[in-house]
Amino acid sequence: MSEPALSQVPAGVPIGAVSIRRLGPADLPQVTAHFLRLSSRSRRLRFGGVVSDTFLEQYASAIFEAVSIVFGAEVDGVLRGVTEIRGSITQWTQHAEAAISIEDAWQDRGIGDALLKRIIRAARNRGIAQLYMVCLHENRKMKHLAHKNEAILDYSVDSVEGRIVDLHPSFRSLFEEWYDEASLYLSDMVRAERG
Ligand SMILES: CC(C)(COP(=O)(O)OP(=O)(O)OC[C@H]1O[C@@H](n2cnc3c(N)ncnc32)[C@H](O)[C@@H]1OP(=O)(O)O)[C@@H](O)C(=O)NCCC(=O)NCCS
């Protein structure tokens, strides 16, 4: 009997073949396609309101323009989750906002938490002292993930801001990021050589 498609695995069941990597301008078509696959509910939770395909295409096209770090989670080679932080036009500042989206069929499998941890580490390693993320009140999952990753939650009338403060690089955070990038580079080279 053949394996069920990953999207048919019930939510909550962890999946094995997830690969997280830093994305760059060459990944723009995949990033755009990921945003366009988000349901209207996920779009609202991610962008704070109803957003059109045109908005998402424009948003995606600017994602690599400023100083930014974008990580993606691929399942079987298809981009299913994206997280990003952006600096100012030319440099990192002390504060940055993180945002994250996972396609509906791949939510509740630990991918969001894995991406969030990766972007927190990247921020830490670039001297960003405070990382914040904004979500709607109803977004229990995001509030839970932010709190789990040591964010302080501030409630306002229509949104919640999670702030992770006192970030600073450590030998471990720098080494882990270097190790992940180097491993990925090597495995890409081996795959390319094998054709
Ligand atoms: C929010 C989001 C990023 C989370 O990603 P995910 O891959 O679904 O999340 P994970 O599976 O890694 O973790 C979900 C956590 O929330 C918990 N959770 C699930 N439903 C919950 C609920 N109703 N209330 C509280 N916690 C809940 C899970 O138990 C899990 O916690 P654990 O790891 O401690 O067990 C994802 O659902 C998403 O993209 N949503 C739409 C866009 C969005 O909301 N973006 C955030 C604003 S920037």
# chains A, B, ... in the order shown; residues from 1 in each chain; ligands from 1
$ closest_atom_pairs --of "region 35-103 of chain A" --to "region 155-175 of chain A" --cutoff "10 Å" --atoms "only C-alpha atoms" --output "JSON lines"
{"residue": "A:Gly48", "atom": "CA", "partner": "A:Ser159", "partner_atom": "CA", "distance": 8.7}
{"residue": "A:Gln94", "atom": "CA", "partner": "A:Leu167", "partner_atom": "CA", "distance": 9.7}
{"residue": "A:His95", "atom": "CA", "partner": "A:Val165", "partner_atom": "CA", "distance": 9.3}
{"residue": "A:Ala96", "atom": "CA", "partner": "A:Arg163", "partner_atom": "CA", "distance": 9.9}
{"residue": "A:Glu97", "atom": "CA", "partner": "A:Arg163", "partner_atom": "CA", "distance": 9.2}
{"residue": "A:Ala98", "atom": "CA", "partner": "A:Gly162", "partner_atom": "CA", "distance": 9.8}
$ residues_near_ligand --ligand "ligand 1" --cutoff "9 Å" --atoms "only C-alpha atoms and all ligand atoms" --output "short mmCIF file (atom, residue, chain, number, x, y, z; two decimals) with N, CA and C atoms, in the first residue's frame"
data_model
loop_
_atom_site.label_atom_id
_atom_site.label_comp_id
_atom_site.auth_asym_id
_atom_site.auth_seq_id
_atom_site.Cartn_x
_atom_site.Cartn_y
_atom_site.Cartn_z
N ALA A 11 -3.41 16.36 11.34
CA ALA A 11 -2.69 17.41 12.05
C ALA A 11 -2.25 16.86 13.40
N GLY A 12 -1.10 17.31 13.85
CA GLY A 12 -0.60 16.86 15.14
C GLY A 12 0.38 15.71 14.98
N PRO A 14 3.68 14.34 13.69
CA PRO A 14 4.90 14.95 13.16
C PRO A 14 5.28 14.35 11.81
N LEU A 38 -1.91 30.14 0.95
CA LEU A 38 -2.49 30.31 2.30
C LEU A 38 -4.00 30.51 2.18
N SER A 39 -4.74 29.88 3.08
CA SER A 39 -6.20 30.05 3.08
C SER A 39 -6.55 31.48 3.51
N ARG A 41 -8.27 32.34 6.00
CA ARG A 41 -8.10 32.45 7.47
C ARG A 41 -6.62 32.69 7.82
N SER A 42 -5.75 31.87 7.21
CA SER A 42 -4.31 32.02 7.51
C SER A 42 -3.80 33.37 7.02
N ARG A 43 -4.32 33.85 5.88
CA ARG A 43 -3.90 35.17 5.39
C ARG A 43 -4.28 36.25 6.42
N ARG A 44 -5.49 36.12 6.94
CA ARG A 44 -5.95 37.12 7.91
C ARG A 44 -5.08 37.07 9.18
N LEU A 45 -4.79 35.85 9.63
CA LEU A 45 -3.99 35.72 10.85
C LEU A 45 -2.56 36.22 10.62
N ARG A 46 -2.05 35.99 9.43
CA ARG A 46 -0.66 36.39 9.15
C ARG A 46 -0.54 37.90 8.90
N PHE A 47 -1.52 38.47 8.12
CA PHE A 47 -1.38 39.87 7.72
C PHE A 47 -2.34 40.80 8.46
N GLY A 48 -3.14 40.24 9.37
CA GLY A 48 -4.00 41.08 10.20
C GLY A 48 -5.28 41.51 9.52
N GLY A 81 6.36 26.61 4.51
CA GLY A 81 6.36 27.59 5.60
C GLY A 81 7.46 28.61 5.38
N VAL A 82 7.19 29.85 5.78
CA VAL A 82 8.15 30.94 5.60
C VAL A 82 8.17 31.79 6.86
N THR A 83 9.37 32.18 7.28
CA THR A 83 9.49 33.17 8.36
C THR A 83 10.51 34.20 7.94
N ALA A 98 9.37 39.90 13.51
CA ALA A 98 9.37 38.57 12.87
C ALA A 98 7.95 38.22 12.48
N ALA A 99 7.80 37.52 11.38
CA ALA A 99 6.47 37.04 10.97
C ALA A 99 6.64 35.64 10.40
N ILE A 100 5.54 34.91 10.41
CA ILE A 100 5.65 33.49 10.04
C ILE A 100 4.34 33.00 9.44
N SER A 101 4.46 32.11 8.48
CA SER A 101 3.25 31.50 7.92
C SER A 101 3.53 30.05 7.54
N ILE A 102 2.58 29.20 7.87
CA ILE A 102 2.64 27.78 7.51
C ILE A 102 1.35 27.47 6.76
N GLU A 103 1.47 26.77 5.65
CA GLU A 103 0.25 26.42 4.91
C GLU A 103 -0.64 25.53 5.76
N ASP A 104 -1.94 25.69 5.56
CA ASP A 104 -2.92 25.08 6.46
C ASP A 104 -2.72 23.58 6.68
N TRP A 106 -0.21 21.86 6.67
CA TRP A 106 1.05 21.50 7.34
C TRP A 106 1.17 22.15 8.72
N GLN A 107 0.09 22.76 9.17
CA GLN A 107 0.12 23.36 10.51
C GLN A 107 0.00 22.25 11.58
N ASP A 108 0.36 22.59 12.79
CA ASP A 108 0.23 21.68 13.95
C ASP A 108 1.12 20.45 13.86
N ARG A 109 2.27 20.61 13.23
CA ARG A 109 3.21 19.49 13.15
C ARG A 109 4.59 19.91 13.65
N GLY A 110 4.67 21.08 14.27
CA GLY A 110 5.94 21.53 14.84
C GLY A 110 6.78 22.38 13.88
N ILE A 111 6.28 22.63 12.66
CA ILE A 111 7.09 23.39 11.70
C ILE A 111 7.19 24.87 12.11
N GLY A 112 6.09 25.43 12.59
CA GLY A 112 6.09 26.83 13.00
C GLY A 112 7.09 27.07 14.13
N ASP A 113 7.09 26.19 15.10
CA ASP A 113 8.02 26.33 16.23
C ASP A 113 9.46 26.23 15.74
N ALA A 114 9.71 25.27 14.85
CA ALA A 114 11.08 25.10 14.33
C ALA A 114 11.54 26.35 13.58
N LEU A 115 10.65 26.93 12.77
CA LEU A 115 11.02 28.14 12.02
C LEU A 115 11.22 29.33 12.96
N LEU A 116 10.35 29.42 13.95
CA LEU A 116 10.48 30.54 14.90
C LEU A 116 11.83 30.47 15.63
N MET A 133 6.80 40.25 17.54
CA MET A 133 5.87 39.66 16.58
C MET A 133 4.47 40.08 16.99
N VAL A 134 3.66 40.40 16.00
CA VAL A 134 2.32 40.91 16.28
C VAL A 134 1.30 39.92 15.74
N CYS A 135 0.29 39.62 16.54
CA CYS A 135 -0.77 38.73 16.03
C CYS A 135 -2.12 39.18 16.58
N LEU A 136 -3.17 38.65 15.97
CA LEU A 136 -4.52 38.97 16.44
C LEU A 136 -4.79 38.26 17.77
N GLU A 138 -7.19 36.45 18.64
CA GLU A 138 -7.72 35.09 18.50
C GLU A 138 -6.64 34.06 18.15
N ASN A 139 -5.44 34.52 17.86
CA ASN A 139 -4.39 33.63 17.37
C ASN A 139 -3.69 32.91 18.54
N ARG A 140 -4.42 31.95 19.10
CA ARG A 140 -3.94 31.27 20.31
C ARG A 140 -2.64 30.52 20.06
N LYS A 141 -2.56 29.94 18.86
CA LYS A 141 -1.37 29.15 18.54
C LYS A 141 -0.13 30.04 18.53
N MET A 142 -0.25 31.21 17.90
CA MET A 142 0.92 32.10 17.80
C MET A 142 1.27 32.65 19.18
N LYS A 143 0.24 32.97 19.98
CA LYS A 143 0.52 33.47 21.33
C LYS A 143 1.24 32.39 22.14
N HIS A 144 0.78 31.15 21.97
CA HIS A 144 1.41 30.04 22.69
C HIS A 144 2.87 29.88 22.26
N LEU A 145 3.10 29.93 20.93
CA LEU A 145 4.47 29.74 20.43
C LEU A 145 5.38 30.88 20.90
N LYS A 148 6.10 30.38 24.54
CA LYS A 148 6.98 29.21 24.69
C LYS A 148 8.43 29.59 24.37
#
$ residues_around --residues "Ser88 (chain A)" --least-positions-apart "4" --cutoff "8 Å" --atoms "only C-alpha atoms" --output "ChimeraX atom specification"
/A:66-67,92-93
$ select_by_dssp --residues "region 3-191 of chain A" --states "strand (DSSP E)" --output "PyMOL selection string"
chain A and resi 18-23+68-75+78-86+95-102+130-136+152-155+159-164
$ closest_residue --among "A:Gly72, A:Gly195, A:Gly49, A:Gly127" --to "Asp27 (chain A)" --atoms "only C-alpha atoms"
A:Gly72
$ select_by_dssp --residues "region 116-180 of chain A" --states "helix (DSSP H, G or I)" --output "PyMOL selection string"
chain A and resi 116-125+140-148+171-180
$ atom_distance --atom1 "CA of Phe35 (chain A)" --atom2 "CA of Val75 (chain A)"
15.4 Å
$ atom_distance --atom1 "CA of Ser19 (chain A)" --atom2 "CA of Arg126 (chain A)"
22.6 Å
$ decode --residues "region 144-176 of chain A" --atoms "N, CA and C atoms" --output "PDB file, in the first residue's frame"
ATOM      1  N   HIS A 144       0.775  31.149  21.972  1.00  0.00           N
ATOM      2  CA  HIS A 144       1.406  30.037  22.687  1.00  0.00           C
ATOM      3  C   HIS A 144       2.874  29.882  22.261  1.00  0.00           C
ATOM      4  N   LEU A 145       3.096  29.926  20.929  1.00  0.00           N
ATOM      5  CA  LEU A 145       4.470  29.741  20.428  1.00  0.00           C
ATOM      6  C   LEU A 145       5.383  30.882  20.896  1.00  0.00           C
ATOM      7  N   ALA A 146       4.859  32.117  20.859  1.00  0.00           N
ATOM      8  CA  ALA A 146       5.662  33.265  21.291  1.00  0.00           C
ATOM      9  C   ALA A 146       6.033  33.109  22.762  1.00  0.00           C
ATOM     10  N   HIS A 147       5.037  32.768  23.581  1.00  0.00           N
ATOM     11  CA  HIS A 147       5.275  32.614  25.021  1.00  0.00           C
ATOM     12  C   HIS A 147       6.271  31.477  25.282  1.00  0.00           C
ATOM     13  N   LYS A 148       6.097  30.379  24.540  1.00  0.00           N
ATOM     14  CA  LYS A 148       6.980  29.214  24.691  1.00  0.00           C
ATOM     15  C   LYS A 148       8.434  29.586  24.367  1.00  0.00           C
ATOM     16  N   ASN A 149       8.594  30.566  23.461  1.00  0.00           N
ATOM     17  CA  ASN A 149       9.940  31.000  23.088  1.00  0.00           C
ATOM     18  C   ASN A 149      10.347  32.268  23.846  1.00  0.00           C
ATOM     19  N   GLU A 150       9.780  32.407  25.037  1.00  0.00           N
ATOM     20  CA  GLU A 150      10.178  33.428  26.017  1.00  0.00           C
ATOM     21  C   GLU A 150       9.816  34.851  25.644  1.00  0.00           C
ATOM     22  N   ALA A 151       8.748  35.007  24.843  1.00  0.00           N
ATOM     23  CA  ALA A 151       8.284  36.363  24.547  1.00  0.00           C
ATOM     24  C   ALA A 151       7.398  36.867  25.687  1.00  0.00           C
ATOM     25  N   ILE A 152       7.490  38.164  25.922  1.00  0.00           N
ATOM     26  CA  ILE A 152       6.572  38.832  26.849  1.00  0.00           C
ATOM     27  C   ILE A 152       5.389  39.280  25.997  1.00  0.00           C
ATOM     28  N   LEU A 153       4.175  38.965  26.433  1.00  0.00           N
ATOM     29  CA  LEU A 153       3.009  39.310  25.611  1.00  0.00           C
ATOM     30  C   LEU A 153       2.359  40.590  26.131  1.00  0.00           C
ATOM     31  N   ASP A 154       2.177  41.566  25.226  1.00  0.00           N
ATOM     32  CA  ASP A 154       1.492  42.827  25.561  1.00  0.00           C
ATOM     33  C   ASP A 154       0.198  42.888  24.778  1.00  0.00           C
ATOM     34  N   TYR A 155      -0.918  43.042  25.485  1.00  0.00           N
ATOM     35  CA  TYR A 155      -2.229  43.063  24.832  1.00  0.00           C
ATOM     36  C   TYR A 155      -2.662  44.491  24.568  1.00  0.00           C
ATOM     37  N   SER A 156      -3.095  44.763  23.316  1.00  0.00           N
ATOM     38  CA  SER A 156      -3.753  46.050  23.038  1.00  0.00           C
ATOM     39  C   SER A 156      -5.166  45.723  22.573  1.00  0.00           C
ATOM     40  N   VAL A 157      -5.894  46.740  22.108  1.00  0.00           N
ATOM     41  CA  VAL A 157      -7.319  46.537  21.824  1.00  0.00           C
ATOM     42  C   VAL A 157      -7.543  45.415  20.813  1.00  0.00           C
ATOM     43  N   ASP A 158      -6.823  45.472  19.682  1.00  0.00           N
ATOM     44  CA  ASP A 158      -7.124  44.466  18.662  1.00  0.00           C
ATOM     45  C   ASP A 158      -5.981  43.511  18.342  1.00  0.00           C
ATOM     46  N   SER A 159      -4.842  43.669  19.016  1.00  0.00           N
ATOM     47  CA  SER A 159      -3.745  42.749  18.699  1.00  0.00           C
ATOM     48  C   SER A 159      -2.898  42.453  19.936  1.00  0.00           C
ATOM     49  N   VAL A 160      -2.000  41.528  19.757  1.00  0.00           N
ATOM     50  CA  VAL A 160      -1.088  41.151  20.851  1.00  0.00           C
ATOM     51  C   VAL A 160       0.321  41.251  20.293  1.00  0.00           C
ATOM     52  N   GLU A 161       1.200  41.895  21.059  1.00  0.00           N
ATOM     53  CA  GLU A 161       2.590  41.958  20.618  1.00  0.00           C
ATOM     54  C   GLU A 161       3.433  41.084  21.536  1.00  0.00           C
ATOM     55  N   GLY A 162       4.165  40.163  20.934  1.00  0.00           N
ATOM     56  CA  GLY A 162       5.104  39.343  21.706  1.00  0.00           C
ATOM     57  C   GLY A 162       6.500  39.909  21.523  1.00  0.00           C
ATOM     58  N   ARG A 163       7.194  40.159  22.644  1.00  0.00           N
ATOM     59  CA  ARG A 163       8.546  40.729  22.564  1.00  0.00           C
ATOM     60  C   ARG A 163       9.548  39.794  23.215  1.00  0.00           C
ATOM     61  N   ILE A 164      10.578  39.444  22.472  1.00  0.00           N
ATOM     62  CA  ILE A 164      11.664  38.667  23.057  1.00  0.00           C
ATOM     63  C   ILE A 164      12.818  39.640  23.261  1.00  0.00           C
ATOM     64  N   VAL A 165      13.186  39.837  24.492  1.00  0.00           N
ATOM     65  CA  VAL A 165      14.163  40.898  24.800  1.00  0.00           C
ATOM     66  C   VAL A 165      15.503  40.301  25.242  1.00  0.00           C
ATOM     67  N   ASP A 166      16.486  41.185  25.329  1.00  0.00           N
ATOM     68  CA  ASP A 166      17.825  40.794  25.793  1.00  0.00           C
ATOM     69  C   ASP A 166      18.456  39.681  24.965  1.00  0.00           C
ATOM     70  N   LEU A 167      18.233  39.759  23.668  1.00  0.00           N
ATOM     71  CA  LEU A 167      18.878  38.766  22.804  1.00  0.00           C
ATOM     72  C   LEU A 167      20.346  39.152  22.630  1.00  0.00           C
ATOM     73  N   HIS A 168      21.219  38.191  22.637  1.00  0.00           N
ATOM     74  CA  HIS A 168      22.611  38.451  22.287  1.00  0.00           C
ATOM     75  C   HIS A 168      23.235  37.167  21.776  1.00  0.00           C
ATOM     76  N   PRO A 169      24.238  37.303  20.906  1.00  0.00           N
ATOM     77  CA  PRO A 169      24.833  36.089  20.344  1.00  0.00           C
ATOM     78  C   PRO A 169      25.654  35.332  21.377  1.00  0.00           C
ATOM     79  N   SER A 170      25.732  34.042  21.213  1.00  0.00           N
ATOM     80  CA  SER A 170      26.617  33.243  22.062  1.00  0.00           C
ATOM     81  C   SER A 170      27.469  32.393  21.127  1.00  0.00           C
ATOM     82  N   PHE A 171      28.504  31.785  21.664  1.00  0.00           N
ATOM     83  CA  PHE A 171      29.313  30.899  20.822  1.00  0.00           C
ATOM     84  C   PHE A 171      28.417  29.823  20.234  1.00  0.00           C
ATOM     85  N   ARG A 172      27.530  29.296  21.064  1.00  0.00           N
ATOM     86  CA  ARG A 172      26.664  28.213  20.611  1.00  0.00           C
ATOM     87  C   ARG A 172      25.742  28.652  19.460  1.00  0.00           C
ATOM     88  N   SER A 173      25.111  29.852  19.622  1.00  0.00           N
ATOM     89  CA  SER A 173      24.169  30.289  18.575  1.00  0.00           C
ATOM     90  C   SER A 173      24.905  30.549  17.263  1.00  0.00           C
ATOM     91  N   LEU A 174      26.129  31.117  17.363  1.00  0.00           N
ATOM     92  CA  LEU A 174      26.906  31.380  16.150  1.00  0.00           C
ATOM     93  C   LEU A 174      27.344  30.071  15.499  1.00  0.00           C
ATOM     94  N   PHE A 175      27.825  29.140  16.342  1.00  0.00           N
ATOM     95  CA  PHE A 175      28.298  27.864  15.802  1.00  0.00           C
ATOM     96  C   PHE A 175      27.144  27.099  15.146  1.00  0.00           C
ATOM     97  N   GLU A 176      26.004  27.067  15.819  1.00  0.00           N
ATOM     98  CA  GLU A 176      24.869  26.302  15.277  1.00  0.00           C
ATOM     99  C   GLU A 176      24.433  26.856  13.918  1.00  0.00           C
TER     100      GLU A 176
END
